[in-house]
Amino acid sequence: MEKGLFSMRKRGKIVIKSVVDKVGGEIPVIAGVSSPSTKRVIRQIEQAEKLEVDGILLTPPYYFKPSTRELLEHYRTVLRSSSLPILLYNVPKFVGYDIPIELIGKIAEEHGNFSGIKESSGAVWRISELIRILGRRWSVLAGTGDVLLPTLALGGDGGIVAVSIFAPELTVKLYDLFKAGDLKGAADIQRVLTMLNEVVVKRYNQLSATKEALRLRGLPGGFARMPSQPLSEEERNDVKKALELANLI
């Protein structure tokens with residue numbers, strides 16, 4: 001979650017290598033890459049490949065907003081540079097814009113290593129349209145915990161969501177219930193995830209609140225790096241109440 005605060009060298013040594021070694025090939029490892037520079041993105045992917053990751057999650061260029069033409073050429077250049085499966089990452093909250101849906105469809109048709117998209121806008125209409133365009137050939141994944149069930153119900157494949165950092169059993173349970181045909185049970189879990197997402201992910205500093213949730217559950221998380229600050233007592237109590245309501249503590 002804090003990958004943007006590490007250099008790629010530290011990220012590779014501290015995070016990616018540790019995860020690759022830990023899972024030992026039992027599950028796929030997807031490395032996140034991000035930079036406003038196409039050249040630096042390609043360099044990050046090359047470094048991740050050397051660490052034997054299974055795929056890439058590609059954040060759009062940030063700071064200077066590219067035109068649609070520039071963004072298309074960025075993706076074409078990056079996807080041509082690697083044979084690894086690449087997931088695009090639509091995250092307007094952090095980069096300031098949405099990836100145009102028609103551009104995503106064009107990239108999907110042009111590049112064999114395009115594997116899908118993590119859609120973090122939270123907009124159900126975008127999720128629906130992406131699933132319509134990409135069909136069953138490519139993955140559409142929820143990027144926020146409040147739309148996990150809607151994504152699955154519309155034909156999506158799952159999610160990469162922040163609430164799973166501190167409440168993985170709930171996201172897994174929702175997925176399993178949905179696959180078993182228990183929509184009522186899945187909806188019950190979704191309402192809990194939506195509440196947790198609102199309090200921990202949206203209401204306060206996401207890094208600090210997530211680490212507080214981990215601490216309350218007795219899990220390692222440490223403290224967020226500056227400029228993030230620890231939550232206030234009132235904020236900590238709010239996070240605690242949310243976890244209590246979810247029966248997580």
# chains A, B, ... in the order shown; residues from 1 in each chain; ligands from 1
call {"tool": "select_by_dssp", "arguments": {"residues": "region 122-167 of chain A", "states": "helix (DSSP H, G or I)", "output": "PDB file with C-alpha atoms, in the first residue's frame"}}
result
ATOM      1  CA  VAL A 124     -20.834   0.968 -10.984  1.00  0.00           C
ATOM      2  CA  TRP A 125     -21.637   2.279 -14.480  1.00  0.00           C
ATOM      3  CA  ARG A 126     -17.928   2.138 -15.394  1.00  0.00           C
ATOM      4  CA  ILE A 127     -17.627  -1.382 -14.018  1.00  0.00           C
ATOM      5  CA  SER A 128     -20.671  -2.458 -16.049  1.00  0.00           C
ATOM      6  CA  GLU A 129     -19.362  -0.871 -19.241  1.00  0.00           C
ATOM      7  CA  LEU A 130     -15.888  -2.369 -18.802  1.00  0.00           C
ATOM      8  CA  ILE A 131     -17.372  -5.842 -18.347  1.00  0.00           C
ATOM      9  CA  ARG A 132     -19.516  -5.323 -21.460  1.00  0.00           C
ATOM     10  CA  ILE A 133     -16.511  -4.272 -23.542  1.00  0.00           C
ATOM     11  CA  LEU A 134     -13.929  -6.687 -22.177  1.00  0.00           C
ATOM     12  CA  GLY A 145     -14.397  -2.699  -1.075  1.00  0.00           C
ATOM     13  CA  ASP A 146     -17.789  -1.049  -1.451  1.00  0.00           C
ATOM     14  CA  VAL A 147     -18.332  -2.431  -4.969  1.00  0.00           C
ATOM     15  CA  LEU A 148     -16.987  -5.975  -4.626  1.00  0.00           C
ATOM     16  CA  LEU A 149     -20.393  -7.671  -4.814  1.00  0.00           C
ATOM     17  CA  PRO A 150     -21.731  -5.379  -7.572  1.00  0.00           C
ATOM     18  CA  THR A 151     -18.627  -6.176  -9.626  1.00  0.00           C
ATOM     19  CA  LEU A 152     -19.137  -9.917  -9.202  1.00  0.00           C
ATOM     20  CA  ALA A 153     -22.869  -9.656  -9.893  1.00  0.00           C
ATOM     21  CA  VAL A 163     -10.257  -3.652   3.163  1.00  0.00           C
ATOM     22  CA  SER A 164      -8.747  -7.070   2.452  1.00  0.00           C
ATOM     23  CA  ILE A 165      -5.501  -5.850   4.045  1.00  0.00           C
ATOM     24  CA  PHE A 166      -7.081  -5.912   7.502  1.00  0.00           C
TER      25      PHE A 166
END
call {"tool": "atom_distance", "arguments": {"atom1": "CA of Gln47 (chain A)", "atom2": "CA of Val91 (chain A)"}}
result
23.2 Å
call {"tool": "select_by_dssp", "arguments": {"residues": "region 97-143 of chain A", "states": "strand (DSSP E or B)", "output": "PyMOL selection string"}}
result
chain A and resi 114-119+139-142
call {"tool": "closest_residue", "arguments": {"among": "A:Leu72, A:Tyr89, A:Ile16, A:Thr38", "to": "Val53 (chain A)", "atoms": "only C-alpha atoms"}}
result
A:Ile16
call {"tool": "closest_residue", "arguments": {"among": "A:Gly116, A:Pro220, A:Gly105, A:Gly122", "to": "Asp157 (chain A)", "atoms": "only C-alpha atoms"}}
result
A:Gly116
call {"tool": "residues_around", "arguments": {"residues": "Lys118 (chain A)", "least_positions_apart": "2", "cutoff": "8 Å", "atoms": "only C-alpha atoms", "output": "count of residues only"}}
result
12
call {"tool": "closest_residue", "arguments": {"among": "A:Arg225, A:Arg80, A:Arg137, A:Lys93", "to": "Glu110 (chain A)", "atoms": "only C-alpha atoms"}}
result
A:Arg80
call {"tool": "closest_residue", "arguments": {"among": "A:Tyr75, A:Tyr175, A:Phe64, A:Tyr204", "to": "Leu103 (chain A)", "atoms": "only C-alpha atoms"}}
result
A:Tyr75
call {"tool": "closest_residue", "arguments": {"among": "A:Leu219, A:Pro61, A:His74, A:Ala213", "to": "Lys240 (chain A)", "atoms": "only C-alpha atoms"}}
result
A:Ala213
call {"tool": "closest_residue", "arguments": {"among": "A:Lys184, A:Val239, A:Asp98, A:Val41", "to": "Glu198 (chain A)", "atoms": "only C-alpha atoms"}}
result
A:Val239
call {"tool": "atom_distance", "arguments": {"atom1": "CA of Leu231 (chain A)", "atom2": "CA of Val192 (chain A)"}}
result
22.0 Å
